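Chemist: Following this message is one structure expressed as structure tokens.
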Amino acid sequence: MAYLTIENFNKSFGNTKVLKGINLSMEKGEVVSIIGSSGSGKTTLLRCINFLETPDNGVMMLDGSTLFNSEQNYKDSEKILREKRLNFGLVFQSFNLFPQYNVFNNISLAPTLLLKDKLKELKKQLKAQKLSAKEIKTRINEFKENEKKIIEQDTFELLEKIGLSDKKDAFPCELSGGQCQRVAIARALALKPKILCFDEPTSALDPELTGEVLKVIRSLKDEDRTMIIVTHEMGFAKHVSDKIVFMADGIIEEEGEPKTILENPKSEKLKAFLHGVSEKDGE
Amino acid sequence: MDFIAISQGLMDGFVTTLLLFLLTLVFSLPLGLLVAFCTMSKFAPLRILFKLIVWVLRGTPLMLQIFVIFYVPGLLTDGQFVWPTMNTGWVWFDKTVSTRFLAALVAFSINYAAYFSEIFRGGIESINKGQTEAGMVLGMTKSQIFFKVVLLQVVKRILPPMSNETITLVKDTSLANTIGVIDLMYKASEQLLNGYIWVIFYAGLFYLLFTGLLSLLFGYIEKKLSYFKA
């Protein structure tokens with residue numbers, strides 16, 4: 001069975017059907033790129049995968065467990081939903097960095113907040129063991145100090161990975177778009193998601209800044225990270241992907257190996273789309 | 001009467017004004033935030049109810065509201081309801097809090113909560129939805145997203161209108177003397193009727209200095225928050 005399986009995802013906004021039965025599967029360590037013109041449902045699919053939207057219909061399985069099943073009648077509690085979201089990371093088109101935090105804190109904020117949850121759980125466990133208040137306190141402090149060090153170390157490593165160690169104290173407004181997007185990637189990685197998703201990560205960037213972001217994503221591919229990338233960068237998709245999925249009008253029109261998809265398209269829609277893209281590039 | 005005695009009288013009234021101002025902020029700021037959340041609620045009856053309340057509070061004169069709160073409970077109950085007397089022991093800055101003061105404080109707090117709620121709502125709704133979504137995909141709880149991500153950005157954005165509203169409050173406190181709260185304005189008009197015309201300008205100077213200080217304070221906070229763009 002595949003690592004991630006999506007079956008029959010449907011989603012409507014009002015009377016507009018945006019997803020009309022999406023089936024998608026991918027293996028661990030694979031990179032899947034999703035291409036297609038705007039309005040084809042790529043972003044909605046990504047948002048459904050990240051639990052930012054709830055599909056009207058469908059099933060999603062990750063690593064053997066069911067994350068979403070529209071047949072089940074209960075609604076997930078906020079806590080469960082949060083835990084499910086943590087399986088995925090999402091890098092937004094418009095970065096969405098937190099403006100009031102510097103680069104270091106943008107990356108370490110979420111892990112630090114999660115640590116608070118962990119400390120609460122630990123406290124409960126220790127209390128259940130009927131330890132003395134003093135003992136509980138020292139144990140918790142020990143754990144906390146240790147975890148904090150790990151978060152700090154992880155953050156420094158991530159900063160190095162994205163090549164922004166010297167910008168750790170800078171605020172987002174002091175960075176270029178490309179630097180912002182690299183920080184956003186590090187921020188998503190800080191929670192160690194099983195699958196990292198990108199929603200047109202270079203679309204909001206000046207052309208000369210896309211390279212540095214793509215380079216970071218390529219380095220993640222070299223680490224065998226599982227990624228889903230919605231992109232308009234055909235050349236990049238061709239090099240980095242194991243599979244390309246072409247979406248049109250809310251369905252997956254065609255999918256396959258990058259070379260086949262980009263050089264030997266079968267469906268008329270894909271042909272027209274690729275023709276349009278190459279004409280735009282030729283300008 | 002000489003200058004020093006009049007100054008002391010005005011100072012005395014000013015302490016009441018200051019107290020009314022500060023206590024109104026203490027109550028109306030959190031209440032306003034609560035009302036803001038109610039007017040943004042997904043639960044329609046709650047939302048509509050609070051929008052209606054805000055409409056009434058912003059759409060009628062503050063003086064009318066003060067009268068309603070001070071006089072109407074007693075009139076409706078044939079004098080059975082009296083605003084509790086606080087003359088026993090409840091002392092602030094050496095000032096005994098009167099029933100009139102209490103009624104004025106309630107009226108101001110409710111009225112300003114309505115105004116603040118609209119400023120808060122505007123500020124919260126103006127924050128890019130992407131910030132909330134970024135918090136969500138990073139596994140944050142709703143309250144973490146609000147307090148750790150959204151709030152400071154909201155504060156930065158609403159500073160200018162809050163500065164406006166706060167300065168208006170300083171001047172609005174003078175309405176309390178219509179129900180006999182002995183504030184700065186009350187003391188000044190007392191002396192005016194005694195024939196001291198200059199006292200009214202002197203009282204104006206008190207207000208002017210106070211609002212000037214507030215402007216400086218807000219300017220300082222704005223500068224403190226200028227390290228990021230939101």
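Going through the structure tokens in order, the chains are called A, B, and so on, while each chain numbers its residues from 1 and the ligands are numbered from 1 in the order shown.
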Give one line per residue of chain B that approaches chain A to at most 12 Å, naming the two atoms of the closest pair and their distance in Å to one decimal, counting only C-alpha atoms; sort by chain then ascending residue number and deliver it as JSON lines.
Modeler:
```
{"residue": "B:Ile127", "atom": "CA", "partner": "A:Asn96", "partner_atom": "CA", "distance": 11.1}
{"residue": "B:Asn128", "atom": "CA", "partner": "A:Asn96", "partner_atom": "CA", "distance": 8.5}
{"residue": "B:Lys129", "atom": "CA", "partner": "A:Asn96", "partner_atom": "CA", "distance": 9.1}
{"residue": "B:Gly130", "atom": "CA", "partner": "A:Asn96", "partner_atom": "CA", "distance": 5.7}
{"residue": "B:Gln131", "atom": "CA", "partner": "A:Asn96", "partner_atom": "CA", "distance": 5.6}
{"residue": "B:Thr132", "atom": "CA", "partner": "A:Asn96", "partner_atom": "CA", "distance": 9.0}
{"residue": "B:Glu133", "atom": "CA", "partner": "A:Leu52", "partner_atom": "CA", "distance": 7.3}
{"residue": "B:Ala134", "atom": "CA", "partner": "A:Asn96", "partner_atom": "CA", "distance": 6.3}
{"residue": "B:Gly135", "atom": "CA", "partner": "A:Ala110", "partner_atom": "CA", "distance": 8.0}
{"residue": "B:Met136", "atom": "CA", "partner": "A:Arg82", "partner_atom": "CA", "distance": 7.4}
{"residue": "B:Val137", "atom": "CA", "partner": "A:Arg85", "partner_atom": "CA", "distance": 5.9}
{"residue": "B:Leu138", "atom": "CA", "partner": "A:Ala110", "partner_atom": "CA", "distance": 6.0}
{"residue": "B:Gly139", "atom": "CA", "partner": "A:Arg82", "partner_atom": "CA", "distance": 5.0}
{"residue": "B:Met140", "atom": "CA", "partner": "A:Ala110", "partner_atom": "CA", "distance": 6.8}
{"residue": "B:Thr141", "atom": "CA", "partner": "A:Arg82", "partner_atom": "CA", "distance": 7.5}
{"residue": "B:Lys142", "atom": "CA", "partner": "A:Glu78", "partner_atom": "CA", "distance": 8.8}
{"residue": "B:Ser143", "atom": "CA", "partner": "A:Leu113", "partner_atom": "CA", "distance": 11.4}
{"residue": "B:Gln144", "atom": "CA", "partner": "A:Leu113", "partner_atom": "CA", "distance": 8.0}
{"residue": "B:Ile145", "atom": "CA", "partner": "A:Ala110", "partner_atom": "CA", "distance": 10.1}
{"residue": "B:Phe147", "atom": "CA", "partner": "A:Leu113", "partner_atom": "CA", "distance": 11.7}
{"residue": "B:Lys148", "atom": "CA", "partner": "A:Leu109", "partner_atom": "CA", "distance": 8.9}
{"residue": "B:Val149", "atom": "CA", "partner": "A:Phe98", "partner_atom": "CA", "distance": 6.6}
{"residue": "B:Val150", "atom": "CA", "partner": "A:Phe98", "partner_atom": "CA", "distance": 8.8}
{"residue": "B:Leu151", "atom": "CA", "partner": "A:Gln100", "partner_atom": "CA", "distance": 10.3}
{"residue": "B:Leu152", "atom": "CA", "partner": "A:Gln100", "partner_atom": "CA", "distance": 7.5}
{"residue": "B:Gln153", "atom": "CA", "partner": "A:Gln100", "partner_atom": "CA", "distance": 7.3}
{"residue": "B:Val154", "atom": "CA", "partner": "A:Gln100", "partner_atom": "CA", "distance": 11.1}
{"residue": "B:Val155", "atom": "CA", "partner": "A:Gln100", "partner_atom": "CA", "distance": 11.4}
{"residue": "B:Lys156", "atom": "CA", "partner": "A:Gln100", "partner_atom": "CA", "distance": 10.0}
{"residue": "B:Lys224", "atom": "CA", "partner": "A:Gln100", "partner_atom": "CA", "distance": 11.7}
{"residue": "B:Leu225", "atom": "CA", "partner": "A:Gln100", "partner_atom": "CA", "distance": 8.7}
{"residue": "B:Ser226", "atom": "CA", "partner": "A:Gln100", "partner_atom": "CA", "distance": 9.7}
{"residue": "B:Tyr227", "atom": "CA", "partner": "A:Gln100", "partner_atom": "CA", "distance": 7.8}
{"residue": "B:Phe228", "atom": "CA", "partner": "A:Gln100", "partner_atom": "CA", "distance": 5.5}
{"residue": "B:Lys229", "atom": "CA", "partner": "A:Cys173", "partner_atom": "CA", "distance": 6.2}
{"residue": "B:Ala230", "atom": "CA", "partner": "A:Pro99", "partner_atom": "CA", "distance": 6.1}
```
Chemist: Dump as a tab-separated table the rows for residues of segment 126-198 of chain B within 8 Å of segment 98-104 of chain B: closest atom pair and distance in Å with one decimal, only C-alpha atoms counted, ordered by chain and rising residue number.
Modeler:
```
residue	atom	partner	partner_atom	distance
B:Ala176	CA	B:Ala104	CA	5.9
B:Ile179	CA	B:Arg100	CA	6.6
B:Gly180	CA	B:Arg100	CA	6.7
B:Val181	CA	B:Phe101	CA	5.7
```
Chemist: So the first atom is atom CA of Ile22 of chain A and the second is atom CA of Leu45 of chain A; what is the distance between them in Å, to one decimal place?
Modeler: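 Atom-to-atom, atom CA of Ile22 of chain A to atom CA of Leu45 of chain A, that is 8.3 Å.
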Chemist: Using only C-alpha atoms for the distances, tell me which of B:Leu22, B:Leu159, B:Leu76, B:Leu175 is nearest to Phe116 of chain B.
Modeler: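 That would be B:Leu159, the residue with the smallest distance to Phe116 of chain B.
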Chemist: Run DSSP on the backbone and grab whatever in segment 94-197 of chain A lands in helix (DSSP H, G or I); send it over as a PyMOL selection string.
Modeler: chain A and resi 103-128+133-161+165-167+172-174+177-189
Chemist: If you count only C-alpha atoms, which residues fall within 8 Å of Val240 of chain A, apart from same-chain ones fewer than 3 positions away, as a short mmCIF file (atom, residue, chain, number, x, y, z; two decimals) with C-alpha atoms, in the first residue's frame?
Modeler:
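This went into out_25.cif:
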```cif
data_model
loop_
_atom_site.label_atom_id
_atom_site.label_comp_id
_atom_site.auth_asym_id
_atom_site.auth_seq_id
_atom_site.Cartn_x
_atom_site.Cartn_y
_atom_site.Cartn_z
CA VAL A 31 8.30 14.05 -4.89
CA ARG A 218 16.19 20.45 -4.45
CA LYS A 221 14.86 16.09 -2.49
CA PHE A 236 12.01 22.63 -12.03
CA ALA A 237 9.12 20.18 -11.82
#
```
Chemist: Rank nothing, just name the residue among B:Leu52, B:Leu209, B:Val82, B:Ala113 nearest to Leu34 of chain B, using only C-alpha atoms.
Modeler: B:Ala113
Chemist: Enumerate the residues of segment 26-189 of chain B with a DSSP assignment of strand (DSSP E), computed from the backbone, and present them as number ranges by chain.
Modeler: B: 91-92, 95-96
